[in-house]
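> Contents are mmCIF, C-alpha atoms; file name input08.cif:
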data_protein
#
loop_
_atom_site.label_atom_id
_atom_site.label_comp_id
_atom_site.auth_asym_id
_atom_site.auth_seq_id
_atom_site.Cartn_x
_atom_site.Cartn_y
_atom_site.Cartn_z
CA MET A 71 0.00 0.00 0.00
CA ALA A 72 1.44 3.36 -1.05
CA LEU A 73 0.38 5.12 2.15
CA ASP A 74 2.31 2.63 4.28
CA LYS A 75 5.43 3.20 2.18
CA CYS A 76 5.02 6.96 2.54
CA ILE A 77 4.69 6.74 6.32
CA LEU A 78 7.70 4.41 6.49
CA TYR A 79 9.70 6.91 4.42
CA LEU A 80 8.66 9.79 6.71
CA ASP A 81 9.65 7.75 9.76
CA GLU A 82 13.03 6.68 8.39
CA ASN A 83 14.01 10.10 7.06
CA PHE A 84 12.32 12.65 9.33
CA ALA A 85 11.12 11.06 12.57
CA LYS A 86 12.89 7.91 13.75
CA LEU A 87 15.68 8.28 16.27
CA ARG A 88 18.79 6.70 14.82
CA ASN A 89 20.36 3.85 16.77
CA ASN A 90 23.82 5.09 15.88
CA GLU A 91 27.05 5.93 17.67
CA GLU A 92 25.74 9.32 18.79
CA THR A 93 22.57 7.90 20.33
CA VAL A 94 24.40 5.08 22.12
CA GLY A 95 27.09 7.44 23.39
CA VAL A 96 24.65 10.07 24.65
CA GLN A 97 22.48 7.48 26.40
CA LYS A 98 25.45 5.89 28.18
CA ALA A 99 26.86 9.26 29.27
CA ILE A 100 23.51 10.59 30.52
CA GLU A 101 22.75 7.45 32.51
CA GLU A 102 26.22 7.56 34.11
CA ALA A 103 25.79 11.24 34.97
CA VAL A 104 22.33 10.79 36.50
CA SER A 105 23.52 7.77 38.54
CA ALA A 106 26.45 9.79 39.86
CA LEU A 107 24.18 12.71 40.79
CA VAL A 108 21.64 10.68 42.77
CA ARG A 109 24.45 8.75 44.47
CA SER A 110 25.99 12.06 45.58
CA VAL A 111 22.60 13.34 46.76
CA GLY A 112 22.06 10.23 48.91
CA GLU A 113 25.55 10.51 50.39
CA GLN A 114 24.88 14.10 51.42
CA ASP A 115 21.44 13.44 52.94
CA ALA A 116 20.24 9.93 53.83
CA ARG A 117 16.61 11.06 53.55
CA PHE A 118 17.21 11.28 49.81
CA LEU A 119 18.46 7.75 49.34
CA GLY A 120 16.61 6.32 46.38
CA LYS A 121 16.62 4.70 42.99
CA ILE A 122 16.24 5.99 39.45
CA GLU A 123 13.81 4.60 36.91
CA PRO A 124 13.98 5.53 33.19
CA SER A 125 10.77 6.95 31.74
CA GLY A 126 9.57 9.12 28.88
CA SER A 127 9.71 8.86 25.10
CA PHE A 128 13.35 7.72 24.77
CA TYR A 129 12.68 4.57 26.78
CA GLU A 130 9.14 4.08 25.41
CA GLY A 131 10.39 3.91 21.81
CA THR A 132 8.64 7.09 20.63
CA LYS A 133 11.52 9.62 20.75
CA ILE A 134 12.00 11.39 17.45
CA LEU A 135 14.79 13.22 15.64
CA ARG A 136 17.80 13.30 18.03
CA PRO A 137 18.72 11.93 21.49
CA ASP A 138 18.30 15.31 23.16
CA GLU A 139 15.73 14.57 25.91
CA PHE A 140 15.83 12.02 28.73
CA ASP A 141 13.44 11.49 31.63
CA PHE A 142 14.02 9.74 34.93
CA VAL A 143 11.93 9.19 38.04
CA PHE A 144 13.94 9.43 41.25
CA THR A 145 12.06 7.45 43.90
CA LEU A 146 12.75 8.37 47.52
CA SER A 147 12.83 4.75 48.67
CA ARG A 148 13.28 5.30 52.38
CA LEU A 149 10.63 7.99 52.65
CA SER A 150 8.15 5.96 50.57
CA GLU A 151 8.02 3.28 53.27
CA PHE A 152 6.21 5.68 55.61
CA CYS A 153 3.68 7.26 53.24
CA ASP A 154 0.14 6.58 52.12
CA ILE A 155 -2.22 8.31 49.69
CA VAL A 156 -5.19 10.57 50.47
CA TYR A 157 -7.65 11.53 47.71
CA ARG A 158 -8.57 15.19 47.98
CA GLY A 159 -11.37 15.83 45.46
CA ARG A 160 -13.27 14.88 42.32
CA ARG A 161 -12.40 17.90 40.16
CA ARG A 162 -8.81 16.76 39.69
CA PRO A 163 -8.82 13.19 41.03
CA HIS A 164 -5.16 12.63 40.10
CA HIS A 165 -4.14 15.47 42.43
CA ILE A 166 -3.65 13.98 45.88
CA TRP A 167 -2.12 14.43 49.31
CA VAL A 168 0.70 12.23 50.59
CA ARG A 169 0.29 11.45 54.28
CA PHE A 170 3.45 10.87 56.29
CA CYS A 171 2.84 8.26 58.97
CA PRO A 172 6.03 6.89 60.56
CA ARG A 173 6.13 4.58 63.55
CA GLU A 174 5.67 6.85 66.56
CA LYS A 175 8.03 9.80 66.81
CA ASP A 176 11.13 7.87 65.91
CA ASP A 177 14.27 8.99 64.10
CA MET A 178 12.42 9.02 60.80
CA TRP A 179 9.77 11.38 62.20
CA HIS A 180 12.35 13.80 63.57
CA SER A 181 14.40 13.81 60.38
CA CYS A 182 11.47 14.41 58.00
CA VAL A 183 9.02 16.57 59.97
CA ASP A 184 10.55 19.69 58.39
CA PHE A 185 9.22 18.46 55.04
CA CYS A 186 5.64 18.21 56.33
CA GLN A 187 2.59 20.31 57.04
CA GLU A 188 0.20 19.38 59.83
CA MET A 189 -3.48 19.46 58.87
CA SER A 190 -6.67 18.53 60.72
CA ASN A 191 -10.27 17.91 59.70
CA VAL A 192 -9.58 17.84 55.97
CA GLU A 193 -12.30 16.93 53.49
CA ILE A 194 -11.46 13.83 51.46
CA VAL A 195 -13.32 11.92 48.75
CA ASP A 196 -13.83 8.29 47.85
CA PRO A 197 -12.82 8.42 44.17
CA ILE A 198 -15.00 5.44 43.28
CA THR A 199 -18.29 6.43 44.94
CA GLY A 200 -17.68 10.18 44.97
CA THR A 201 -18.77 10.47 48.60
CA TYR A 202 -17.04 12.99 50.86
CA SER A 203 -15.96 12.57 54.47
CA ILE A 204 -13.82 14.32 57.06
CA LEU A 205 -10.42 12.97 58.01
CA ASP A 206 -9.91 14.09 61.59
CA GLY A 207 -6.23 14.22 62.42
CA PRO A 208 -4.05 16.03 62.98
CA PHE A 209 -1.91 14.27 60.38
CA LEU A 210 1.36 15.18 58.70
CA TYR A 211 1.31 15.67 54.92
CA LEU A 212 4.43 15.84 52.78
CA ASP A 213 5.12 19.29 51.38
CA GLY A 214 6.52 18.60 47.92
CA SER A 215 7.79 22.16 47.54
CA ARG A 216 10.01 21.80 50.60
CA LEU A 217 11.30 18.46 49.34
CA LYS A 218 12.10 19.95 45.94
CA GLN A 219 13.90 22.88 47.51
CA ARG A 220 16.13 20.58 49.55
CA PHE A 221 16.66 18.35 46.51
CA TYR A 222 17.78 21.33 44.44
CA CYS A 223 20.28 22.33 47.12
CA LEU A 224 21.72 18.82 47.24
CA LEU A 225 21.97 18.67 43.47
CA ARG A 226 23.81 21.97 43.28
CA GLU A 227 26.42 20.60 45.68
CA ALA A 228 26.61 17.43 43.58
CA PHE A 229 27.22 19.47 40.43
CA LYS A 230 30.44 20.77 42.02
CA SER A 231 31.87 17.36 42.87
CA VAL A 232 30.62 14.88 40.29
CA LYS A 233 33.08 13.87 37.60
CA TRP A 234 31.17 14.02 34.33
CA PRO A 235 31.56 11.34 31.65
CA GLU A 236 33.82 12.11 28.72
CA ASN A 237 32.28 14.40 26.05
CA LEU A 238 29.48 15.52 28.40
CA LYS A 239 29.54 19.04 29.83
CA PHE A 240 27.16 20.35 32.50
CA VAL A 241 25.53 23.63 31.40
CA SER A 242 22.72 24.62 33.79
CA SER A 243 19.83 23.43 35.93
CA THR A 244 16.46 24.66 37.13
CA GLY A 245 17.79 25.29 40.61
CA SER A 246 20.81 27.20 39.34
CA ALA A 247 18.57 29.42 37.22
CA PHE A 248 16.30 30.07 40.20
CA ASP A 249 19.34 31.04 42.24
CA LYS A 250 20.44 33.59 39.65
CA MET A 251 16.95 35.13 39.62
CA GLY A 252 16.81 35.19 43.40
CA LEU A 253 13.82 32.83 43.50
CA SER A 254 13.17 29.84 45.70
CA GLY A 255 13.11 26.49 43.93
CA ALA A 256 9.96 25.72 45.89
CA THR A 257 8.02 28.09 43.64
CA GLN A 258 8.46 25.79 40.66
CA PHE A 259 5.28 23.95 39.65
CA ALA A 260 7.06 21.17 37.73
CA ALA A 261 7.87 17.96 39.54
CA SER A 262 11.25 17.63 37.92
CA GLU A 263 14.61 19.29 38.05
CA LYS A 264 15.62 20.13 34.47
CA ILE A 265 19.34 19.70 33.86
CA ASP A 266 20.99 20.78 30.61
CA PHE A 267 24.14 19.20 29.22
CA LEU A 268 26.22 19.66 26.08
CA TRP A 269 27.33 16.55 24.20
CA ARG A 270 30.59 16.90 22.26
CA GLY A 271 30.18 20.65 22.19
CA ASN A 272 27.20 20.80 19.82
CA LEU A 273 24.16 18.77 20.98
CA LYS A 274 22.14 20.23 23.84
CA VAL A 275 20.68 17.41 25.92
CA SER A 276 18.00 18.01 28.55
CA VAL A 277 17.37 15.70 31.48
CA ASP A 278 14.20 15.81 33.57
CA LEU A 279 14.82 14.26 36.98
CA ALA A 280 11.51 13.95 38.83
CA LEU A 281 11.26 13.37 42.56
CA ALA A 282 8.70 10.70 43.44
CA ILE A 283 7.12 8.72 46.25
CA GLU A 284 6.33 5.10 45.37
CA PHE A 285 3.12 3.38 46.42
CA LYS A 286 2.18 -0.27 46.30
CA GLY A 287 -0.92 -1.46 44.48
CA TRP A 288 -2.90 0.76 42.11
CA PRO A 289 -4.68 4.13 42.41
CA SER A 290 -8.35 3.91 43.42
CA LEU A 291 -9.53 5.95 40.44
CA PRO A 292 -12.16 5.10 37.83
CA GLY A 293 -10.86 5.12 34.27
CA LEU A 294 -11.00 3.56 30.81
CA PHE A 295 -8.11 1.27 31.68
CA ASP A 296 -10.27 -0.89 33.95
CA ASP A 297 -13.26 -0.70 31.60
CA LEU A 298 -11.27 -1.79 28.53
CA LEU A 299 -9.07 -4.51 29.98
CA VAL A 300 -11.73 -6.87 31.31
CA GLU A 301 -11.17 -10.57 31.89
CA GLY A 302 -10.69 -12.24 28.52
CA HIS A 303 -8.92 -9.26 26.95
CA PRO A 304 -5.48 -10.24 25.55
CA ALA A 305 -3.83 -7.62 27.79
CA TYR A 306 -5.71 -8.62 30.96
CA SER A 307 -2.68 -10.37 32.48
CA LEU A 308 -0.60 -7.25 31.76
CA LYS A 309 -3.17 -5.19 33.64
CA MET A 310 -2.94 -7.43 36.69
CA ASP A 311 0.87 -7.34 36.61
CA MET A 312 0.80 -3.54 36.40
CA LYS A 313 -1.60 -3.25 39.31
CA SER A 314 0.78 -5.23 41.50
CA SER A 315 3.92 -3.35 40.41
CA GLY A 316 3.01 -0.07 42.15
CA PHE A 317 2.93 3.54 40.97
CA HIS A 318 4.45 6.94 41.70
CA ALA A 319 3.30 10.33 42.91
CA THR A 320 5.29 13.44 42.04
CA PRO A 321 5.17 16.82 43.83
CA LYS A 322 3.20 19.61 42.21
CA LEU A 323 3.05 22.55 44.64
CA ASP A 324 2.93 22.79 48.41
CA VAL A 325 1.12 19.68 49.77
CA ILE A 326 -0.49 18.84 46.42
CA TRP A 327 0.97 15.85 44.59
CA ARG A 328 0.11 14.31 41.23
CA ILE A 329 -0.29 10.63 40.42
CA SER A 330 2.20 9.54 37.76
CA TRP A 331 1.40 6.66 35.41
CA SER A 332 4.81 6.71 33.69
CA ARG A 333 5.57 3.13 34.71
CA ALA A 334 2.22 1.87 33.39
CA GLU A 335 2.51 3.90 30.17
CA LYS A 336 5.91 2.41 29.44
CA ALA A 337 4.60 -1.14 30.05
CA ILE A 338 1.56 -0.70 27.79
CA LEU A 339 3.49 0.90 24.94
CA ASN A 340 6.07 -1.88 25.14
CA TYR A 341 3.21 -4.41 24.96
CA ILE A 342 1.70 -2.70 21.90
CA PHE A 343 4.95 -2.21 19.98
CA ASN A 344 6.04 -5.81 20.57
CA ARG A 345 2.81 -6.99 18.90
CA ASN A 346 2.81 -4.57 16.01
CA GLU A 347 5.84 -2.39 15.33
CA GLN A 348 3.69 -0.41 12.87
CA ALA A 349 2.09 1.22 15.92
CA ALA A 350 5.46 2.67 16.96
CA ILE A 351 6.02 4.02 13.44
CA SER A 352 2.59 5.69 13.35
CA CYS A 353 3.19 7.22 16.78
CA ARG A 354 6.58 8.67 15.83
CA VAL A 355 5.27 10.14 12.57
CA ALA A 356 2.26 11.62 14.41
CA LYS A 357 4.68 13.31 16.84
CA MET A 358 6.79 14.59 13.96
CA ILE A 359 3.68 16.03 12.28
CA LYS A 360 2.52 17.58 15.54
CA GLU A 361 5.87 19.28 16.15
CA THR A 362 6.84 20.39 12.64
CA HIS A 363 3.84 20.53 10.30
CA PHE A 364 1.68 23.37 11.65
CA VAL A 365 2.53 27.09 11.68
CA GLU A 366 0.55 30.01 13.04
CA VAL A 367 -0.15 32.79 10.55
CA ILE A 368 0.06 36.26 12.05
CA GLU A 369 -2.29 38.74 10.43
CA GLN A 370 -0.59 41.62 8.60
CA SER A 371 2.77 39.93 9.04
CA SER A 372 5.02 37.84 6.82
CA SER A 373 6.24 35.83 9.79
CA ASN A 374 5.02 32.32 10.56
CA PHE A 375 5.65 30.54 13.85
CA PRO A 376 5.58 26.80 14.60
CA ILE A 377 2.56 25.85 16.65
CA SER A 378 1.87 22.69 18.65
CA ILE A 379 -1.62 21.29 18.11
CA CYS A 380 -1.47 19.08 21.21
CA LYS A 381 0.95 17.50 23.65
CA SER A 382 2.83 14.29 22.93
CA TYR A 383 1.12 12.99 26.07
CA THR A 384 -2.24 13.34 24.30
CA LEU A 385 -1.08 11.32 21.29
CA LYS A 386 0.35 8.64 23.55
CA HIS A 387 -2.92 8.10 25.40
CA LEU A 388 -4.98 8.20 22.20
CA LEU A 389 -2.74 5.48 20.74
CA MET A 390 -3.14 3.34 23.86
CA TYR A 391 -6.93 3.82 23.74
CA LEU A 392 -7.03 3.04 20.01
CA TRP A 393 -5.15 -0.21 20.55
CA LEU A 394 -6.65 -1.43 23.80
CA SER A 395 -10.23 -0.75 22.68
CA ASN A 396 -9.76 -2.84 19.52
CA SER A 397 -7.14 -5.47 20.31
CA SER A 398 -9.69 -8.07 21.47
CA SER A 399 -9.80 -8.97 17.76
CA SER A 400 -6.97 -9.39 15.25
CA GLU A 401 -7.85 -6.05 13.60
CA CYS A 402 -5.04 -3.99 15.16
CA LEU A 403 -2.47 -6.72 14.58
CA ALA A 404 -3.15 -6.60 10.84
CA LYS A 405 -3.17 -2.81 10.40
CA GLY A 406 -0.34 -1.06 8.61
CA CYS A 407 1.31 2.12 9.83
CA GLY A 408 -0.61 4.29 7.34
CA GLU A 409 -4.06 3.16 8.40
CA MET A 410 -3.09 3.30 12.06
CA LEU A 411 -1.78 6.88 11.68
CA LEU A 412 -5.03 8.01 10.04
CA ASP A 413 -7.05 6.34 12.82
CA LEU A 414 -4.91 8.08 15.44
CA LEU A 415 -5.29 11.51 13.84
CA LYS A 416 -9.05 11.04 13.38
CA LEU A 417 -9.32 10.20 17.05
CA LEU A 418 -7.36 13.38 17.81
CA VAL A 419 -9.78 15.44 15.68
CA ASP A 420 -12.76 14.04 17.58
CA GLY A 421 -11.06 14.85 20.88
CA LEU A 422 -10.19 18.40 19.83
CA LYS A 423 -13.76 19.04 18.65
CA THR A 424 -15.28 17.82 21.90
CA GLY A 425 -12.47 18.92 24.21
CA ASP A 426 -12.26 15.35 25.48
CA CYS A 427 -9.08 13.41 24.69
CA LYS A 428 -9.25 10.65 27.23
CA GLN A 429 -6.44 9.85 29.63
CA ILE A 430 -6.95 6.11 29.92
CA PHE A 431 -6.01 5.75 33.60
CA GLY A 432 -8.09 8.61 34.99
CA ASN A 433 -11.47 10.02 34.12
CA PHE A 434 -10.20 13.31 32.67
CA SER A 435 -9.09 14.86 29.38
CA THR A 436 -5.51 15.54 28.30
CA VAL A 437 -6.52 18.74 26.48
CA LYS A 438 -7.92 21.92 27.97
CA THR A 439 -11.12 23.20 26.46
CA GLY A 440 -10.90 26.62 24.85
CA PRO A 441 -11.63 28.68 21.74
CA LEU A 442 -8.55 27.41 19.86
CA LEU A 443 -9.50 23.72 19.74
CA PRO A 444 -11.82 24.00 16.68
CA PHE A 445 -9.01 25.68 14.71
CA PHE A 446 -6.61 22.92 15.74
CA ALA A 447 -9.15 20.26 14.73
CA SER A 448 -9.59 21.87 11.33
CA ALA A 449 -5.81 21.93 10.77
CA VAL A 450 -5.50 18.21 11.62
CA GLU A 451 -8.37 17.43 9.23
CA LYS A 452 -6.42 19.15 6.43
CA CYS A 453 -3.43 16.99 7.29
CA ILE A 454 -5.57 13.84 7.19
CA ARG A 455 -6.83 14.74 3.70
CA THR A 456 -3.26 15.23 2.47
CA LEU A 457 -2.14 11.91 3.95
CA SER A 458 -5.18 10.11 2.51
CA GLU A 459 -4.24 11.32 -0.98
CA MET A 460 -0.92 9.49 -0.60
CA GLN A 461 -2.79 6.19 -0.94
CA ASN A 462 -2.84 6.72 -4.71
CA VAL A 463 0.81 7.74 -5.12
CA GLU A 464 2.94 5.74 -7.53
CA ILE A 465 5.63 3.83 -5.66
CA SER A 466 8.35 5.56 -7.64
CA GLN A 467 6.98 8.93 -6.51
CA VAL A 468 6.99 8.12 -2.76
CA PRO A 469 10.29 9.91 -1.93
CA ARG A 470 9.36 13.12 -3.77
CA ARG A 471 5.84 13.17 -2.33
CA CYS A 472 7.15 12.68 1.20
CA GLU A 473 9.80 15.38 0.78
CA ASP A 474 7.07 17.77 -0.39
CA PHE A 475 4.85 16.82 2.55
CA PHE A 476 7.62 17.54 5.04
CA LYS A 477 8.43 20.92 3.48
CA ASP A 478 4.82 22.05 3.09
CA LYS A 479 3.26 23.44 6.25
CA ILE A 480 -0.37 23.83 7.21
CA HIS A 481 -1.11 27.45 8.06
CA VAL A 482 -3.32 27.98 11.08
CA THR A 483 -4.95 31.38 11.53
CA LEU A 484 -5.97 31.78 15.16
CA PRO A 485 -8.39 34.40 16.49
CA ARG A 486 -6.73 37.37 18.05
CA PRO A 487 -7.68 38.26 21.63
CA PRO A 488 -9.90 41.34 21.99
CA ARG A 489 -8.12 44.64 22.45
CA LYS A 490 -7.86 46.10 25.91
CA LEU A 491 -9.92 49.21 26.54
CA SER A 492 -6.74 51.06 27.45
CA SER A 493 -5.42 50.57 23.90
CA TYR A 494 -8.14 52.70 22.33
CA LYS A 495 -7.48 56.38 21.72
CA VAL A 496 -10.21 58.60 23.04
CA THR A 497 -10.81 61.88 21.21
CA LYS A 498 -12.72 64.61 22.96
CA ILE A 499 -15.39 66.20 20.74
CA HIS A 500 -16.09 69.85 21.38
#
Would you kindly transcribe this structure into C-alpha cells?


Amino acid sequence: MALDKCILYLDENFAKLRNNEETVGVQKAIEEAVSALVRSVGEQDARFLGKIEPSGSFYEGTKILRPDEFDFVFTLSRLSEFCDIVYRGRRRPHHIWVRFCPREKDDMWHSCVDFCQEMSNVEIVDPITGTYSILDGPFLYLDGSRLKQRFYCLLREAFKSVKWPENLKFVSSTGSAFDKMGLSGATQFAASEKIDFLWRGNLKVSVDLALAIEFKGWPSLPGLFDDLLVEGHPAYSLKMDMKSSGFHATPKLDVIWRISWSRAEKAILNYIFNRNEQAAISCRVAKMIKETHFVEVIEQSSSNFPISICKSYTLKHLLMYLWLSNSSSSECLAKGCGEMLLDLLKLLVDGLKTGDCKQIFGNFSTVKTGPLLPFFASAVEKCIRTLSEMQNVEISQVPRRCEDFFKDKIHVTLPRPPRKLSSYKVTKIH
C-alpha cells in the first residue's frame, strides 16, 4: 500500500531516532551522569536515598529526531516506606495528598518533619463512589515544595563534585537558574529538576529528573483502563501485573501531589509495539507532524511561527486507547502504519472538537477546552486529507511526495484576543 510506504519513508528520514554511535554514546553518558548525581545526593542526605527509573519517550520507543531529551523518576525509597495516599477531590482526582505516617516519633519522624505540614479535619473523597468525608487528624502531609527545595540544594552541591563522563559538559539546571533570579526552587510547579548538558560541544541534551514517592498497588480511580481490559482481553494479564507493580506520585506545589502513570505507560506501549511495530512508526510520525507541520499565521505579518496542536502525552494516550479498545480482535495486529496513523489523527480530531481526549487511567481529558480547539481540529483534518491522498501515489513517486509533505506546512490562523480598553485612543469632541 502506497500510504504505508510513505509513512515508512517519513519515519526513516524525518522522525525515527537513529540507533547510531551518537545515540548510544549520549544514552550511556547521561545514565552515568544521573547515577552519579543521585548517588551524591544520597551521600549528602540519607533522607534522599533512592533509585532511578527511566521513563519518557526515549525509553518508550517514541523519541524522534535526536537523542536530546531524557526522563528519569527518582524514587525516595526510604521515605516511601512511611507514606500513604489521600484523595482530595473529584475535580482533579489525580491530584492527591501524601500522608506521612512513621512509627511513633522515631528517628524518621524527627528527620522528615521539616518536610511536612500538619493538617486537621480535611475533606477527602472516595474516588469510586464520589462520597465525601472528614479525616480528623491532625496528620502530617508531605510538602513537595520543601522536598524539591532541599533536593535542588543537594543537586547543586553534587554538580560541584561529580566527575562528568567524557564528552558531556554540564551547562545549567532549574535550581541554578532560580538562584540567579533570586527565587526559591519551591516556587516551581514542575515535579522535575531540568538539567541541561552539552554533548561533544554541539548537541544540547535536557534531562528531567523527577522526585517521586512510590506506592504499592494501584490508584483507586475510575478510568477507561479498567473498563477496557476486562477478563478475557489479551492484555488482561498485563493489567494485573501492572496493578501489583506499584505507581508513583510526584510533587506539584505545596502539599499537592500528582499521580504519575509513567511506569504503566511504558509497560503498555512496550506491549503494543512488541505486537505490532507499525504502531510505533505511526506514533513517531504523528509526533513529527505535531511538532513540525503546523505554523501560526500572524495577520498583517510575513512571519510564521511553529505551533503545537497538542501535547505528545495526548497522542500517547490516544494510541493506547485506540489499541486497547480494539485489540480483542486481530484487527489492530493486521493494520499497517498508514491506516493506524489516520485512525490516530481522526481520534485526535474528535477529541479536539469535543475537548475530550481521554487519559486512559483517569477520568479526565488531556486537552484543555478553549476557543482554539476547533481551529486545531480543522488543521489536523487538512493533514488527514493530504495523507489520505498518498494512498494513490505511484511507488516511484513516494520519496518526492514525502519530501514535499515535510516541506509544506499547514497554516493555522488563530483568532486574536480582543483589544484592551486602554489601547483605544479617546478623542474629545467639542

> Go ahead and compute the interatomic distance for atom CA of A:Lys428 and atom CA of A:Trp331, in Å to one decimal.

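Between atom CA of A:Lys428 and atom CA of A:Trp331 the gap is 14.0 Å.
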
> Separation of atom CA of A:Gly126 and atom CA of A:Thr439, in Å?

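Atom CA of A:Gly126 sits 25.1 Å away from atom CA of A:Thr439.
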
> For the structure provided, state which residues fall under the PyMOL selection byres ((chain A and resi 164-170) around 10), and present them as a count of residues only.

53

> So, with all atoms listed in the file as the atoms that count, which of A:Phe142, A:Ser147, A:Lys75, A:Gly293 lies closest to A:Lys264?

A:Phe142

> Rank A:Leu484, A:Met71, A:Val241, A:Ile359 by their smallest atom-to-atom distance to A:Asn374, using all atoms listed in the file, and report the top residue only.

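Closest to A:Asn374, using all atoms listed in the file: A:Leu484.
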
> Just give me the gap between atom CA of A:Tyr391 and atom CA of A:Leu418 in Å, one decimal is fine.

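If I compute the distance from atom CA of A:Tyr391 to atom CA of A:Leu418, I get 11.3 Å.
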
> Assuming the chain letters and numbering stay as they are in my file, what does the PyMOL selection byres ((chain A and resi 205) around 7) actually select? List them as a PDB file with C-alpha atoms, in the frame of the given file.


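So part-v3.pdb came out as:
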ATOM      1  CA  ASN A 191     -10.270  17.910  59.700  1.00  0.00           C
ATOM      2  CA  VAL A 192      -9.580  17.840  55.970  1.00  0.00           C
ATOM      3  CA  GLU A 193     -12.300  16.930  53.490  1.00  0.00           C
ATOM      4  CA  ILE A 194     -11.460  13.830  51.460  1.00  0.00           C
ATOM      5  CA  SER A 203     -15.960  12.570  54.470  1.00  0.00           C
ATOM      6  CA  ILE A 204     -13.820  14.320  57.060  1.00  0.00           C
ATOM      7  CA  ASP A 206      -9.910  14.090  61.590  1.00  0.00           C
ATOM      8  CA  GLY A 207      -6.230  14.220  62.420  1.00  0.00           C
TER       9      GLY A 207
END

> Which is closest to A:Lys336 among A:Pro469, A:Leu78, A:Tyr202, A:Tyr129, if we use all atoms listed in the file?

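Counting all atoms listed in the file, the residue closest to A:Lys336 is A:Tyr129.
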
> Could you list the residues chosen by the PyMOL selection byres ((chain A and resi 347) around 12) in this structure as a list in words?

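Matching residues under the PyMOL selection byres ((chain A and resi 347) around 12) are Leu78, Gly131, Thr132, Leu339, Asn340, Tyr341, Ile342, Phe343, Asn344, Arg345, Asn346, Gln348, Ala349, Ala350, Ile351, Ser352, Cys353, Arg354, Cys402, Leu403, Ala404, Lys405, Gly406, Cys407 and Met410 of chain A.
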
> List the spatial neighbours of A:Phe118 as a PyMOL selection string - criterion: any atom at most 7 Å away, only C-alpha atoms, same-chain residues fewer than 5 positions off excluded.

chain A and resi 111-112+146

> Where's the centre, and what are the edge lengths in Å to one decimal, of a box along x, y and z enclosing all listed atoms of stretch 129-143 of chain A padded 6 Å per side, as AutoDock Vina command-line options?


--center_x 13.7 --center_y 9.6 --center_z 26.8 --size_x 22.1 --size_y 23.4 --size_z 34.4

> For A:Val104, please output as a list in words all residues within 9 Å (counting only C-alpha atoms; exclusion window: fewer than 3 positions along the same chain).

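Final neighbour list, sorted by chain and number: Ala99, Ile100, Glu101, Leu107, Val108, Arg109, Ile122, Phe142, Val277 and Leu279 of chain A.
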
> Which residue out of A:Phe364, A:Phe317, A:Phe140, A:Phe229 has the minimum interatomic distance to A:Gly287 when all atoms listed in the file are used?

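Going through A:Phe364, A:Phe317, A:Phe140, A:Phe229 one by one, the smallest distance to A:Gly287 is for A:Phe317.
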
> When distances are computed from all atoms listed in the file, which of A:Pro137, A:Gly408, A:Pro292, A:Pro124 shows the smallest separation from A:Met460?

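Ranking A:Pro137, A:Gly408, A:Pro292, A:Pro124 by distance to A:Met460, first place goes to A:Gly408.
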
> Do you know which residues are at most 12 Å from A:Glu227 counting only C-alpha atoms, after dropping those on the same chain fewer than 3 positions away, and could you put them as a list in words?

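My list of contacting residues is Leu107, Val108, Ser110, Val111, Gly112, Glu113, Gln114, Asp115, Arg220, Phe221, Tyr222, Cys223, Leu224, Lys230, Ser231, Val232, Gly245 and Ser246 of chain A.
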
> Which is closer to A:Leu385 than all the others in A:Leu412, A:Leu417, A:Val367, A:Leu225, using all atoms listed in the file?

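Ranked by minimum distance to A:Leu385, first place goes to A:Leu417.
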
> Show me, as a PyMOL selection string, the residues that have an atom within 9 Å of A:Val450 when counting all atoms listed in the file, minus same-chain residues fewer than 5 positions from it.

chain A and resi 360+364+379+415-416+418-419+445+455+480
